[in-house]
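A.B. asks: One file: start-v8.pdb (PDB, C-alpha atoms).
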```pdb
ATOM      1  CA  MET Z  26     -18.432  41.795 -24.889
ATOM      2  CA  GLU Z  27     -21.633  40.399 -23.432
ATOM      3  CA  GLU Z  28     -21.054  37.147 -25.265
ATOM      4  CA  LYS Z  29     -17.540  36.814 -23.741
ATOM      5  CA  ILE Z  30     -18.978  37.336 -20.242
ATOM      6  CA  LYS Z  31     -21.568  34.578 -20.843
ATOM      7  CA  GLU Z  32     -18.832  32.319 -22.173
ATOM      8  CA  LYS Z  33     -16.586  32.938 -19.151
ATOM      9  CA  THR Z  34     -19.534  32.416 -16.780
ATOM     10  CA  GLN Z  35     -20.356  29.102 -18.458
ATOM     11  CA  GLU Z  36     -16.708  28.005 -18.253
ATOM     12  CA  ALA Z  37     -16.631  28.894 -14.546
ATOM     13  CA  LYS Z  38     -19.812  26.865 -13.911
ATOM     14  CA  GLU Z  39     -18.396  23.856 -15.748
ATOM     15  CA  THR Z  40     -15.094  24.156 -13.895
ATOM     16  CA  THR Z  41     -16.915  24.395 -10.554
ATOM     17  CA  LYS Z  42     -19.052  21.347 -11.376
ATOM     18  CA  GLU Z  43     -15.965  19.432 -12.532
ATOM     19  CA  ASN Z  44     -14.109  20.352  -9.315
ATOM     20  CA  ARG Z  45     -17.062  19.186  -7.201
ATOM     21  CA  LEU Z  46     -17.166  15.857  -9.022
ATOM     22  CA  MET Z  47     -13.407  15.426  -8.588
ATOM     23  CA  LYS Z  48     -13.655  16.222  -4.861
ATOM     24  CA  THR Z  49     -16.518  13.713  -4.472
ATOM     25  CA  ALA Z  50     -14.405  11.047  -6.180
ATOM     26  CA  GLU Z  51     -11.428  11.929  -3.949
ATOM     27  CA  VAL Z  52     -13.562  11.617  -0.807
ATOM     28  CA  GLN Z  53     -14.883   8.247  -1.957
ATOM     29  CA  ASP Z  54     -11.346   7.031  -2.734
ATOM     30  CA  ARG Z  55     -10.093   8.364   0.596
ATOM     31  CA  ARG Z  56     -12.863   6.432   2.378
ATOM     32  CA  LYS Z  57     -11.385   3.133   1.152
ATOM     33  CA  LYS Z  58      -8.381   1.607   2.863
ATOM     34  CA  THR Z  59      -5.981  -1.149   1.976
ATOM     35  CA  VAL Z  60      -5.634  -4.347   3.995
ATOM     36  CA  GLU Z  61      -2.090  -3.273   4.839
ATOM     37  CA  ALA Z  62      -3.214   0.083   6.266
ATOM     38  CA  SER Z  63      -4.837  -1.539   9.312
ATOM     39  CA  MET Z  64      -2.760  -4.711   9.644
ATOM     40  CA  THR Z  65      -1.614  -5.164  13.238
ATOM     41  CA  GLU Z  66       1.026  -7.382  14.807
ATOM     42  CA  GLN Z  67       1.141  -7.947  18.552
ATOM     43  CA  VAL Z  68       3.868  -9.949  20.321
ATOM     44  CA  HIS Z  69       3.674 -11.503  23.804
ATOM     45  CA  LEU Z  70       6.340 -13.180  25.884
ATOM     46  CA  ILE Z  71       4.474 -15.990  27.635
ATOM     47  CA  MET Z  72       5.017 -15.802  31.387
ATOM     48  CA  HIS Z  73       3.736 -17.758  34.368
ATOM     49  CA  GLN Z  74       0.609 -15.577  34.822
ATOM     50  CA  HIS Z  75      -0.527 -16.500  31.271
ATOM     51  CA  LEU Z  76      -0.596 -20.258  31.977
ATOM     52  CA  ASN Z  77      -3.367 -22.652  32.940
ATOM     53  CA  ALA Z  78      -3.005 -25.415  35.541
ATOM     54  CA  GLY Z  79      -1.548 -27.716  32.865
ATOM     55  CA  GLY Z  80       1.350 -25.343  32.199
ATOM     56  CA  ARG Z  81       0.116 -24.178  28.779
ATOM     57  CA  LEU Z  82      -1.143 -20.804  27.597
ATOM     58  CA  PHE Z  83      -4.570 -20.239  29.158
ATOM     59  CA  GLY Z  84      -7.213 -20.245  26.393
ATOM     60  CA  GLY Z  85      -9.007 -17.293  27.937
ATOM     61  CA  MET Z  86      -5.820 -15.234  27.735
ATOM     62  CA  LEU Z  87      -5.550 -15.959  24.010
ATOM     63  CA  MET Z  88      -9.235 -15.065  23.592
ATOM     64  CA  GLN Z  89      -8.627 -11.696  25.259
ATOM     65  CA  TRP Z  90      -5.647 -10.984  23.030
ATOM     66  CA  VAL Z  91      -7.614 -12.016  19.909
ATOM     67  CA  ASP Z  92     -10.305  -9.495  20.874
ATOM     68  CA  GLU Z  93      -7.695  -6.779  21.512
ATOM     69  CA  VAL Z  94      -5.983  -7.307  18.139
ATOM     70  CA  SER Z  95      -9.367  -7.363  16.383
ATOM     71  CA  GLY Z  96     -10.276  -4.090  18.055
ATOM     72  CA  VAL Z  97      -7.015  -2.396  17.053
ATOM     73  CA  VAL Z  98      -7.364  -3.551  13.434
ATOM     74  CA  ALA Z  99     -10.969  -2.304  13.330
ATOM     75  CA  MET Z 100     -10.034   1.033  14.935
ATOM     76  CA  ARG Z 101      -7.276   1.567  12.401
ATOM     77  CA  HIS Z 102      -9.550   0.696   9.501
ATOM     78  CA  CYS Z 103     -12.441   2.869  10.688
ATOM     79  CA  GLY Z 104     -10.387   5.734  12.027
ATOM     80  CA  THR Z 105     -12.294   5.687  15.327
ATOM     81  CA  TYR Z 106     -12.017   3.967  18.690
ATOM     82  CA  ARG Z 107     -15.780   3.343  18.641
ATOM     83  CA  VAL Z 108     -15.821  -0.319  17.581
ATOM     84  CA  THR Z 109     -17.377  -3.330  19.240
ATOM     85  CA  THR Z 110     -17.142  -7.099  18.837
ATOM     86  CA  ALA Z 111     -20.272  -8.642  17.320
ATOM     87  CA  ALA Z 112     -19.030 -12.225  16.889
ATOM     88  CA  VAL Z 113     -15.972 -14.454  17.091
ATOM     89  CA  ASP Z 114     -15.718 -17.550  14.902
ATOM     90  CA  ASN Z 115     -13.392 -20.515  14.907
ATOM     91  CA  LEU Z 116     -11.329 -20.434  18.067
ATOM     92  CA  GLN Z 117      -9.495 -23.761  17.737
ATOM     93  CA  PHE Z 118      -6.202 -24.434  19.487
ATOM     94  CA  LYS Z 119      -3.808 -26.234  17.145
ATOM     95  CA  GLU Z 120      -0.476 -25.960  18.971
ATOM     96  CA  PRO Z 121       0.373 -25.546  22.663
ATOM     97  CA  VAL Z 122       2.282 -22.505  23.906
ATOM     98  CA  TYR Z 123       4.529 -22.777  26.947
ATOM     99  CA  GLU Z 124       6.205 -20.393  29.376
ATOM    100  CA  GLY Z 125       9.151 -18.542  27.859
ATOM    101  CA  GLU Z 126       7.891 -18.875  24.294
ATOM    102  CA  ILE Z 127       6.876 -15.954  22.097
ATOM    103  CA  LEU Z 128       3.328 -15.600  20.795
ATOM    104  CA  VAL Z 129       2.939 -13.537  17.604
ATOM    105  CA  MET Z 130      -0.524 -12.376  16.587
ATOM    106  CA  ILE Z 131      -1.247 -10.849  13.179
ATOM    107  CA  GLY Z 132      -4.628  -9.293  12.402
ATOM    108  CA  TYR Z 133      -6.019  -7.848   9.189
ATOM    109  CA  VAL Z 134      -9.348  -6.990   7.565
ATOM    110  CA  THR Z 135     -10.696  -9.619   5.151
ATOM    111  CA  TYR Z 136     -14.167  -8.223   4.396
ATOM    112  CA  VAL Z 137     -16.000  -4.929   4.831
ATOM    113  CA  GLY Z 138     -19.760  -4.368   4.732
ATOM    114  CA  ASN Z 139     -21.621  -1.123   5.410
ATOM    115  CA  THR Z 140     -21.081  -0.982   9.183
ATOM    116  CA  SER Z 141     -19.213  -4.187   9.987
ATOM    117  CA  MET Z 142     -16.043  -5.967   8.978
ATOM    118  CA  GLU Z 143     -14.434  -9.342   9.400
ATOM    119  CA  VAL Z 144     -10.975  -9.395  10.959
ATOM    120  CA  GLU Z 145      -8.744 -12.466  10.680
ATOM    121  CA  ILE Z 146      -6.299 -13.009  13.527
ATOM    122  CA  ASP Z 147      -3.537 -15.568  13.060
ATOM    123  CA  SER Z 148      -1.639 -16.548  16.209
ATOM    124  CA  TYR Z 149       1.747 -18.246  16.043
ATOM    125  CA  VAL Z 150       4.159 -19.586  18.615
ATOM    126  CA  GLU Z 151       7.739 -18.652  17.848
ATOM    127  CA  ARG Z 152       9.982 -21.355  19.214
ATOM    128  CA  GLY Z 153      13.694 -21.434  19.962
ATOM    129  CA  ASP Z 154      14.458 -22.695  16.439
ATOM    130  CA  GLY Z 155      13.120 -19.394  15.067
ATOM    131  CA  MET Z 156      10.206 -21.106  13.331
ATOM    132  CA  ARG Z 157       6.587 -19.997  13.754
ATOM    133  CA  TYR Z 158       3.865 -22.578  14.240
ATOM    134  CA  LEU Z 159       0.165 -21.798  13.845
ATOM    135  CA  VAL Z 160      -1.574 -21.808  17.230
ATOM    136  CA  ASN Z 161      -4.947 -20.416  16.234
ATOM    137  CA  ARG Z 162      -6.812 -18.700  13.413
ATOM    138  CA  ALA Z 163      -9.830 -16.707  14.567
ATOM    139  CA  PHE Z 164     -12.326 -14.519  12.733
ATOM    140  CA  SER Z 165     -13.976 -11.603  14.504
ATOM    141  CA  VAL Z 166     -16.883  -9.529  13.259
ATOM    142  CA  MET Z 167     -16.390  -5.942  14.377
ATOM    143  CA  VAL Z 168     -18.965  -3.142  14.142
ATOM    144  CA  ALA Z 169     -18.261   0.589  14.150
ATOM    145  CA  VAL Z 170     -20.691   2.637  16.240
ATOM    146  CA  ASP Z 171     -21.380   6.345  16.623
ATOM    147  CA  LYS Z 172     -21.591   8.297  19.892
ATOM    148  CA  ASN Z 173     -25.163   6.997  20.362
ATOM    149  CA  GLU Z 174     -23.975   3.370  20.034
ATOM    150  CA  ARG Z 175     -25.696   3.026  16.634
ATOM    151  CA  PRO Z 176     -23.874   1.248  13.780
ATOM    152  CA  THR Z 177     -22.160   3.708  11.441
ATOM    153  CA  ARG Z 178     -20.731   3.417   7.918
ATOM    154  CA  ILE Z 179     -17.117   2.382   7.568
ATOM    155  CA  PRO Z 180     -14.510   2.751   4.815
ATOM    156  CA  GLY Z 181     -14.454   0.204   2.017
ATOM    157  CA  LEU Z 182     -11.613  -2.240   1.450
ATOM    158  CA  ILE Z 183      -9.048  -2.066  -1.347
ATOM    159  CA  ILE Z 184      -7.783  -5.520  -2.287
ATOM    160  CA  HIS Z 185      -4.419  -5.672  -4.071
ATOM    161  CA  THR Z 186      -2.950  -9.174  -3.929
ATOM    162  CA  GLU Z 187      -4.179 -12.609  -4.915
ATOM    163  CA  ALA Z 188      -3.849 -13.696  -1.271
ATOM    164  CA  GLU Z 189      -6.076 -10.782  -0.171
ATOM    165  CA  LYS Z 190      -8.569 -11.696  -2.905
ATOM    166  CA  GLY Z 191      -8.653 -15.323  -1.704
ATOM    167  CA  ARG Z 192      -9.171 -14.258   1.918
ATOM    168  CA  HIS Z 193     -11.923 -11.880   0.822
ATOM    169  CA  GLU Z 194     -13.757 -14.614  -1.115
ATOM    170  CA  ALA Z 195     -13.509 -16.962   1.887
ATOM    171  CA  ALA Z 196     -14.808 -14.139   4.106
ATOM    172  CA  LEU Z 197     -17.876 -13.785   1.879
ATOM    173  CA  LEU Z 198     -18.598 -17.495   2.394
ATOM    174  CA  ARG Z 199     -18.194 -17.143   6.174
ATOM    175  CA  ARG Z 200     -20.495 -14.099   6.147
ATOM    176  CA  ASP Z 201     -23.172 -16.159   4.369
ATOM    177  CA  MET Z 202     -22.713 -19.060   6.814
ATOM    178  CA  ARG Z 203     -23.046 -16.682   9.797
ATOM    179  CA  LYS Z 204     -26.274 -15.332   8.297
ATOM    180  CA  GLU Z 205     -27.625 -18.873   7.785
ATOM    181  CA  ARG Z 206     -26.775 -19.813  11.398
ATOM    182  CA  ARG Z 207     -28.356 -16.614  12.699
ATOM    183  CA  ASP Z 208     -31.525 -17.253  10.642
ATOM    184  CA  ALA Z 209     -31.620 -20.830  12.025
ATOM    185  CA  GLY Z 210     -31.458 -19.540  15.598
ATOM    186  CA  PHE Z 211     -27.800 -20.288  16.403
TER     187      PHE Z 211
END
```
Written as structure tokens, how would this file's structure read?
C.D. replies:
Amino acid sequence: MEEKIKEKTQEAKETTKENRLMKTAEVQDRRKKTVEASMTEQVHLIMHQHLNAGGRLFGGMLMQWVDEVSGVVAMRHCGTYRVTTAAVDNLQFKEPVYEGEILVMIGYVTYVGNTSMEVEIDSYVERGDGMRYLVNRAFSVMVAVDKNERPTRIPGLIIHTEAEKGRHEAALLRRDMRKERRDAGF
């Protein structure tokens, strides 16, 4: 009888340990998110108040929208509204946008570190022919912060597709270039 009690006790301990390990693995898996989970699309009808003196979309307006989309993507990925912009790379205007046209902005996470992430924001003008033309591709570095404004850990990134893998590899190169520029004083 005593031997059966010891055996049952040992089984219970092993089961408890196994359950703890499974829960730890579940928490770690749950802390990772797919690119798709935080992808954000924002659409703007370009009106007179969005234009510069030349009659085109004001660059500062696009910069504001890029920051907003980056923030939403980061919030969705982190599961908190406590995110801040650390850097914005590559804000080049490739195509003009005029009054009455539609601007489509698509943002998604390309890289995740411990407390920061890179968000790519592609902006397109949708013209009357139904085609989208690339206006801008920007990269924002977003940082999650706690209630004391200190950087805090964020979920990892699950990469599924070859396109996501390619964007991730390019993001690693950009991360290294940002570090080199920072170390050089830029």
A.B. asks: Which is closer to Val134 of chain Z than all the others in Z:Ala99, Z:Leu116, Z:Ala188, Z:Leu70, using only C-alpha atoms?
C.D. replies: Z:Ala99
A.B. asks: Using all atoms listed in the file, find the one residue out of Z:Phe118, Z:Asp171, Z:Leu182, Z:Arg192 that sits nearest to Gly85 of chain Z.
C.D. replies: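 Checking each of Z:Phe118, Z:Asp171, Z:Leu182, Z:Arg192 against Gly85 of chain Z, counting all atoms listed in the file, the winner is Z:Phe118.
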A.B. asks: Quote the spacing between atom CA of Leu128 of chain Z and atom CA of Thr65 of chain Z in Å to one decimal place.
C.D. replies: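 Calculated distance between atom CA of Leu128 of chain Z and atom CA of Thr65 of chain Z is 13.8 Å.
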A.B. asks: Using all atoms listed in the file, find the one residue out of Z:Ser165, Z:Asn77, Z:Thr177, Z:Ser148 that sits nearest to Glu124 of chain Z.
C.D. replies: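 Going through Z:Ser165, Z:Asn77, Z:Thr177, Z:Ser148 one by one, the smallest distance to Glu124 of chain Z is for Z:Asn77.
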A.B. asks: From the list Z:Gly132, Z:Gly96, Z:Gly104, Z:Gly125, which residue is nearest His73 of chain Z when using all atoms listed in the file?
C.D. replies: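 Checking each of Z:Gly132, Z:Gly96, Z:Gly104, Z:Gly125 against His73 of chain Z, counting all atoms listed in the file, the winner is Z:Gly125.
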